[in-house]
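These notes concern the structure reproduced below.
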Amino acid sequence: MAIIAAEDLVYDYPGARALDRVSFEVAPGTITALVGPNGAGKTTLLRCLAVLDRPAEGRIWLDGMDVADHPRESHRKLGYLSDFYGLYDELTVRQCLSYHAAIHDLAPAAQAEAAERTASRMGLGELMNRRAQQLSRGQRQRLAIAQAIIHEPALLLLDEPAAGLDPEARWSLSSLISDLAKGGMTLIVSSHILSELEDYSTHVMIIRGGRLVLHKPLSEAAAAIGAEAEGGADAVRQTCMRIEIAAPDAGFERALKDFKAATRVAVHGTSASVFIPADADARAALLRHCVGAGLPVVAYAEDRQRVEEIYFALSKEAASPPAGGAPRGATP
Amino acid sequence: MIGNPEFKRNLWIQFTSTRVLVAGLLTGLLLACAFAVDYALANRRQFSPDITAFVARWLAIAIVLLWAGRQAAGAVLREIRGRTWDAQRLSTLHPWSMAWGKLFGTTSLAWILAIICAAAYLAAAVFERPQPRPFGAILVTVAGILGYGLVCQATGLLASLARLSGRPGERGGGTTLAHAVGLIATALLGGFVIWALENEARWFGFEIGAPGLRLVTIWFFALWAVVGVYRRMRRELQMLAVPWAWLLFLVSFVVYGEGLAYGRGQPQAALLLPAGLVTLMLWTMTLIEAKDPLTLRQTIGACRRGRWGHAATLVPLWLVTYAVFAAVTVGGIVVAATGAPALAVLRIPGETDSATVLILAATFLFVTRDVLIVQILTLGRESNLAGLTGAVSWFVLYVAVPAVFVAGQQTRLLGLVVPTGQGGWMICLLSAGAQALLCLIIVTWRWRAYWRENAAKAPTA
């Protein structure tokens, strides 16, 4: 049975339909990467799943329970961390965790133990008597997640959890998310940093204009995109190559874009991602092109960014005008 | 009590050593100064701590209304600003625990200082010379101060909750506005208790004494305000329910008013009072409740689909109040028009006149116009200011325009804008009806334009 299932969710703002007949089921123990452009409806969807906002239409079932009828019971089974979370800066880590243990109905005798256990799991054991305002950004993030999971929810919803974190804290967050899933928790993680979702996601869910575009296991999604591309008139299966050069070079991007088989180029300082046809000849040709252009290549490898690959492939598809597609907006 | 985690968390935040020290020292210093003045004056007259009593009393009032009132009004808005409100809404805490945990937790330090001041007042008042006040009267004063404090704090918190639409994007501003609502409600209640109940000692004919009636009145509203906070908190925590509590409050409010009008031989007062009281509530709710055309449309949609139960959980309280208002005024018109037999059934002695029917009918039309004006503004470009601009337009209609008529000695024209009944049936009803109809036409037009425009803005990706 699905841990959470949505059925025909509709959510309206004045002037916009944020969710338009969204339906899906999420299996227990999975990590779903929720991706989509800004304003696609990701946050609204997560807030509806967290029973913070009530959809105008549709139903959500959490572990077989209709959340609209049992909002407080649902909160026993789920944890949620919004993209802009807050902490009680005046309180110590111990007080913050004790408070969240208590408001999630943990027995008084179990609250202190739960606070200690969760703090230790999140690497905050040494900071229990420190005030939240004295913590670093990464430590605050860990405290916020600790608050969200102190009651051991079956489902954890994270909205842009890596935003604003330094690389070390991001790596630590990725490890934590994987650990939580190994412990039996189901996670839905929304993020803009697609390459990181790849490290831990088992499923991908793409939402665009309030509609669910794709929801599949990562492996099936990649295969589906590839198969679809191969079946197209002029498209072939794509792969992403990561190139790193020794020092910044003003001609780096130009040189990559000059490579005729490249369908997409993204340069970040001394590294770049280049989408090319997924065959050995194209890979070898790209490397030859880079060396021939005089780029000081120090690393060259196929990127595992399947989430990004899938997302961009679908973006390209979505950019083409739909045949006879109806506008997706609120109806008067 | 300490088992409520929300209350406990507020105690952690309120009772920091700096806060306790500063607040305690300031309060103690003021009381000590007052006592020192009393002591110094004892050289010239018999010792009487009347200055201490005065300072302690007003300090208690200031603390419960100004400090605790602001704390309570901002209790939820501070959470929204600090982005901790969602985490609280995600808890499994019962709405009642959340409501009283916030109401008494955020004001806990203030309450303790106010109780110390009230105790100082009690002690000083007992020793006032040459005429010591009766102990019972002093206790009634103290209970009154505490009751006013609760009214102010609960109404402020209720106003802030009523402003929330429960939709994302709320930034948590408006503490001053919510506090102002609490202070205005307390001032209105205080004014009513002091002036209207000055010589009042009977309720539905029962002799309960003037101090008793005042105290019952203050605590009646204080407890209803606390119930209101609880019910609104339920809504914020996604526990939607049919607004029975609000309906019950309106009915009990009307019954309370009727109890005062009972047995006075003035059927006009008995018939006009319920309409007046519900109008007061309707104006308040129309101004302070979140301006949310979307929820209104969803309510209408649920009604059209025959999902009455769902519609009842969504319906805005101003609309519920308007329905009660319509029932009360129409009922009053029927009773007044039927005359003596209907009054006899209701045990209202005396006879009505046609002016009562006229005033009730004009009240219905004018108040309908008032509500529609705010709806017109809600559907406009500055919908977030609809409450404020609505209040200004009402001020113009009920104060500025009548002032011009009075200044121009044209009092018979007052019936054009105010339900006084002056000017007769033609001036009163034709004018009120035309204004209400015009507003209804504009609301209908704006409603269609609003959704047409918003549909055009909707994403098409």
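Going through the structure tokens in order, the chains are called A, B, and so on, while each chain numbers its residues from 1 and the ligands are numbered from 1 in the order shown.
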Practice problem: Residues of chain B no more than 10 Å from chain A, counting only C-alpha atoms: send them over as an NGL selection string. | Solution: :B and (3-6 or 8-9 or 12-13 or 16 or 79-95 or 97-98 or 166-168 or 236-240 or 292-295 or 297-298 or 447-461)
Exercise. Please report, as a ChimeraX atom specification, each residue of stretch 261-313 of chain B to which DSSP assigns alpha helix (DSSP H) when run on this structure's backbone.
Key: /B:261,267-288,293-304,308-313
Self-check item: Residue set, stretch 126-312 of chain B restricted to strand (DSSP E or B), as JSON, numbers by chain
Solution: {"B": [202, 203, 206, 207]}
Self-check item: Polymer residues at most 8 Å from A:Leu34, only C-alpha atoms, same-chain spacing of 6 or more positions, as a ChimeraX atom specification
Solution: /A:42,188-191,204-207
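Omitting A:Val93 and its sequence neighbours fewer than 4 positions away, and counting only C-alpha atoms, the residues within 8 Å are Leu97, Leu127, Met128, Asn129, Arg130, Arg131, Ala132 and Leu143 of chain A.
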Exercise. Would you kindly return, as JSON, numbers by chain, each protein, DNA or RNA residue with an atom no farther than 12 Å from any atom of stretch 18-31 of chain B, considering only C-alpha atoms and excluding same-chain residues fewer than 3 positions away?
Key: {"B": [11, 12, 13, 14, 15, 34, 35, 36, 37, 38, 49, 50, 51, 52, 53, 54, 55, 56, 57, 58, 59, 60, 62, 63, 67, 108, 109, 110, 111, 112, 113, 114, 115, 116, 117, 118, 119, 120, 121, 124]}
Serialized selection, N, CA and C atoms, as a short mmCIF file (atom, residue, chain, number, x, y, z; two decimals), in the first residue's frame:
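The result, stored in part36.cif:
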data_model
loop_
_atom_site.label_atom_id
_atom_site.label_comp_id
_atom_site.auth_asym_id
_atom_site.auth_seq_id
_atom_site.Cartn_x
_atom_site.Cartn_y
_atom_site.Cartn_z
N LEU B 11 6.69 30.25 28.62
CA LEU B 11 7.32 30.58 29.90
C LEU B 11 8.84 30.67 29.74
N TRP B 12 9.42 29.73 28.97
CA TRP B 12 10.88 29.77 28.74
C TRP B 12 11.27 31.10 28.13
N ILE B 13 10.45 31.57 27.17
CA ILE B 13 10.80 32.80 26.46
C ILE B 13 10.52 34.04 27.33
N GLN B 14 9.41 34.00 28.06
CA GLN B 14 9.02 35.17 28.85
C GLN B 14 9.91 35.37 30.08
N PHE B 15 10.19 34.27 30.77
CA PHE B 15 10.86 34.41 32.07
C PHE B 15 12.39 34.32 31.94
N ALA B 34 4.84 55.45 45.03
CA ALA B 34 3.48 55.84 45.42
C ALA B 34 3.31 55.68 46.93
N PHE B 35 3.82 54.58 47.46
CA PHE B 35 3.69 54.34 48.89
C PHE B 35 4.49 55.38 49.68
N ALA B 36 5.66 55.74 49.17
CA ALA B 36 6.50 56.74 49.85
C ALA B 36 5.77 58.08 49.92
N VAL B 37 5.06 58.44 48.83
CA VAL B 37 4.30 59.70 48.82
C VAL B 37 3.19 59.64 49.87
N ASP B 38 2.47 58.52 49.90
CA ASP B 38 1.42 58.34 50.92
C ASP B 38 2.00 58.49 52.32
N PRO B 49 -3.37 55.05 52.25
CA PRO B 49 -2.60 54.74 51.01
C PRO B 49 -3.43 54.92 49.74
N ASP B 50 -4.14 56.05 49.62
CA ASP B 50 -5.00 56.21 48.44
C ASP B 50 -4.20 56.45 47.16
N ILE B 51 -3.01 57.07 47.27
CA ILE B 51 -2.19 57.25 46.05
C ILE B 51 -1.64 55.89 45.61
N THR B 52 -1.26 55.08 46.59
CA THR B 52 -0.78 53.72 46.26
C THR B 52 -1.90 52.94 45.57
N ALA B 53 -3.12 53.05 46.11
CA ALA B 53 -4.26 52.33 45.52
C ALA B 53 -4.49 52.81 44.09
N PHE B 54 -4.44 54.13 43.89
CA PHE B 54 -4.66 54.71 42.55
C PHE B 54 -3.60 54.21 41.56
N VAL B 55 -2.32 54.31 41.98
CA VAL B 55 -1.23 53.91 41.08
C VAL B 55 -1.30 52.41 40.80
N ALA B 56 -1.53 51.61 41.85
CA ALA B 56 -1.57 50.15 41.67
C ALA B 56 -2.70 49.76 40.73
N ARG B 57 -3.84 50.42 40.89
CA ARG B 57 -5.00 50.09 40.06
C ARG B 57 -4.73 50.42 38.58
N TRP B 58 -4.22 51.61 38.33
CA TRP B 58 -4.00 52.01 36.94
C TRP B 58 -2.80 51.31 36.32
N LEU B 59 -1.85 50.94 37.19
CA LEU B 59 -0.71 50.17 36.68
C LEU B 59 -1.19 48.77 36.24
N ALA B 60 -2.06 48.18 37.05
CA ALA B 60 -2.62 46.86 36.69
C ALA B 60 -3.39 46.97 35.37
N ALA B 62 -2.99 49.24 33.01
CA ALA B 62 -2.06 49.49 31.90
C ALA B 62 -1.35 48.20 31.50
N ILE B 63 -0.96 47.40 32.49
CA ILE B 63 -0.22 46.16 32.18
C ILE B 63 -1.11 45.19 31.40
N TRP B 67 0.49 46.14 27.74
CA TRP B 67 1.59 45.19 27.57
C TRP B 67 1.05 43.80 27.20
N SER B 108 2.17 35.70 30.34
CA SER B 108 2.36 35.18 31.70
C SER B 108 3.10 36.16 32.61
N LEU B 109 4.19 36.72 32.13
CA LEU B 109 4.96 37.65 32.98
C LEU B 109 4.12 38.88 33.29
N ALA B 110 3.43 39.38 32.25
CA ALA B 110 2.58 40.56 32.44
C ALA B 110 1.47 40.27 33.45
N TRP B 111 0.87 39.09 33.35
CA TRP B 111 -0.21 38.73 34.27
C TRP B 111 0.29 38.69 35.71
N ILE B 112 1.48 38.14 35.91
CA ILE B 112 1.99 38.04 37.28
C ILE B 112 2.19 39.44 37.86
N LEU B 113 2.75 40.33 37.06
CA LEU B 113 2.95 41.70 37.54
C LEU B 113 1.61 42.40 37.75
N ALA B 114 0.65 42.14 36.87
CA ALA B 114 -0.67 42.76 37.02
C ALA B 114 -1.35 42.25 38.28
N ILE B 115 -1.18 40.97 38.57
CA ILE B 115 -1.80 40.41 39.78
C ILE B 115 -1.13 40.99 41.03
N ILE B 116 0.18 41.21 40.96
CA ILE B 116 0.87 41.85 42.10
C ILE B 116 0.32 43.26 42.31
N CYS B 117 0.13 43.98 41.19
CA CYS B 117 -0.43 45.34 41.29
C CYS B 117 -1.86 45.30 41.83
N ALA B 118 -2.65 44.31 41.35
CA ALA B 118 -4.04 44.20 41.81
C ALA B 118 -4.05 43.89 43.31
N ALA B 119 -3.12 43.03 43.74
CA ALA B 119 -3.04 42.70 45.17
C ALA B 119 -2.64 43.93 45.98
N ALA B 120 -1.73 44.74 45.41
CA ALA B 120 -1.31 45.97 46.09
C ALA B 120 -2.49 46.94 46.19
N TYR B 121 -3.29 47.00 45.10
CA TYR B 121 -4.49 47.85 45.11
C TYR B 121 -5.46 47.39 46.19
N ALA B 124 -4.10 48.24 49.60
CA ALA B 124 -4.12 49.68 49.86
C ALA B 124 -5.55 50.18 50.02
#
Self-check item: Close residues, B:Ala290 itself excluded, 12 Å, only C-alpha atoms, min 4 positions apart in chain, as a list in words
Solution: Ala159, Ser160, Leu161, Ala162, Arg163, Leu164, Ser165, Gly166, Arg167, Glu170, Thr284, Met285, Thr286, Leu294, Thr295, Leu296, Val315, Pro316, Leu317, Trp318, Val374, Gln375, Thr378, Ser383, Asn384, Leu385, Ala386 and Gly387 of chain B
Selection file, N, CA and C atoms, as a tab-separated table (two decimals), in the first residue's frame:
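Output file out.tsv is given in full below:
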chain	number	residue	atom	x	y	z
B	159	ALA	N	-8.70	38.84	16.72
B	159	ALA	CA	-8.63	39.71	15.53
B	159	ALA	C	-7.48	39.28	14.64
B	160	SER	N	-6.34	38.93	15.23
B	160	SER	CA	-5.19	38.53	14.41
B	160	SER	C	-5.49	37.19	13.72
B	161	LEU	N	-6.18	36.30	14.40
B	161	LEU	CA	-6.53	35.01	13.79
B	161	LEU	C	-7.57	35.20	12.68
B	162	ALA	N	-8.50	36.13	12.91
B	162	ALA	CA	-9.54	36.38	11.90
B	162	ALA	C	-8.95	36.97	10.63
B	163	ARG	N	-7.86	37.72	10.80
B	163	ARG	CA	-7.22	38.33	9.62
B	163	ARG	C	-6.50	37.30	8.76
B	164	LEU	N	-6.07	36.20	9.40
B	164	LEU	CA	-5.33	35.19	8.66
B	164	LEU	C	-6.28	34.48	7.71
B	165	SER	N	-5.83	34.31	6.52
B	165	SER	CA	-6.70	33.59	5.59
B	165	SER	C	-6.33	32.13	5.57
B	166	GLY	N	-5.20	31.77	6.22
B	166	GLY	CA	-4.77	30.38	6.22
B	166	GLY	C	-4.08	30.00	4.93
B	167	ARG	N	-3.84	30.99	4.09
B	167	ARG	CA	-3.19	30.70	2.82
B	167	ARG	C	-1.75	31.19	2.89
B	170	GLU	N	1.10	34.98	3.93
B	170	GLU	CA	0.84	35.86	5.05
B	170	GLU	C	2.16	36.18	5.74
B	284	THR	N	-18.21	44.58	12.68
B	284	THR	CA	-16.88	44.16	13.15
B	284	THR	C	-16.34	43.05	12.28
B	285	MET	N	-17.14	42.02	12.07
B	285	MET	CA	-16.66	40.85	11.33
B	285	MET	C	-16.39	41.21	9.87
B	286	THR	N	-17.22	42.07	9.31
B	286	THR	CA	-17.01	42.47	7.91
B	286	THR	C	-15.68	43.20	7.74
B	294	LEU	N	-11.80	33.88	-2.92
B	294	LEU	CA	-11.66	32.49	-3.37
B	294	LEU	C	-12.48	31.54	-2.48
B	295	THR	N	-12.36	31.73	-1.17
B	295	THR	CA	-13.12	30.87	-0.25
B	295	THR	C	-14.62	31.10	-0.43
B	296	LEU	N	-14.98	32.36	-0.70
B	296	LEU	CA	-16.40	32.65	-0.92
B	296	LEU	C	-16.88	31.92	-2.17
B	315	VAL	N	-17.83	28.68	4.93
B	315	VAL	CA	-18.53	29.98	4.86
B	315	VAL	C	-17.87	31.03	5.78
B	316	PRO	N	-17.59	32.23	5.24
B	316	PRO	CA	-17.01	33.27	6.10
B	316	PRO	C	-17.99	33.72	7.19
B	317	LEU	N	-17.42	34.15	8.32
B	317	LEU	CA	-18.30	34.49	9.45
B	317	LEU	C	-19.12	35.75	9.20
B	318	TRP	N	-18.62	36.65	8.34
B	318	TRP	CA	-19.43	37.85	8.07
B	318	TRP	C	-20.72	37.45	7.39
B	374	VAL	N	-17.95	46.97	1.45
B	374	VAL	CA	-16.68	46.29	1.75
B	374	VAL	C	-16.41	45.18	0.73
B	375	GLN	N	-17.47	44.52	0.26
B	375	GLN	CA	-17.26	43.48	-0.76
B	375	GLN	C	-16.79	44.10	-2.08
B	378	THR	N	-13.23	44.75	-1.58
B	378	THR	CA	-12.48	43.48	-1.55
B	378	THR	C	-12.18	43.00	-2.96
B	383	SER	N	-7.33	45.12	-2.40
B	383	SER	CA	-8.22	44.32	-1.55
B	383	SER	C	-7.69	44.20	-0.13
B	384	ASN	N	-6.35	44.30	0.04
B	384	ASN	CA	-5.81	44.18	1.39
B	384	ASN	C	-6.16	45.40	2.26
B	385	LEU	N	-6.61	46.47	1.61
B	385	LEU	CA	-7.00	47.66	2.37
B	385	LEU	C	-8.52	47.79	2.46
B	386	ALA	N	-9.22	46.74	2.05
B	386	ALA	CA	-10.69	46.82	1.98
B	386	ALA	C	-11.30	47.13	3.34
B	387	GLY	N	-10.76	46.53	4.40
B	387	GLY	CA	-11.29	46.77	5.74
B	387	GLY	C	-11.15	48.23	6.14
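The space separating atom CA of A:Ala5 from atom CA of A:Glu196 comes to 25.2 Å.
Atom CA of B:Tyr262 lies 7.3 Å from atom CA of B:Trp203.
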Quiz item: How many Å separate atom CA of B:Cys428 from atom CA of B:Tyr398?
Solution: 14.2 Å
Self-check item: Selection: 10 Å around B:Ala201, only C-alpha atoms, excl. self and same-chain fewer than 6 positions, as a PyMOL selection string
Solution: chain B and resi 207-214+260
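Closest approach to B:Ala241 among B:Ala311, B:Val357, B:Val417, B:Trp445: B:Ala311, based on only C-alpha atoms.
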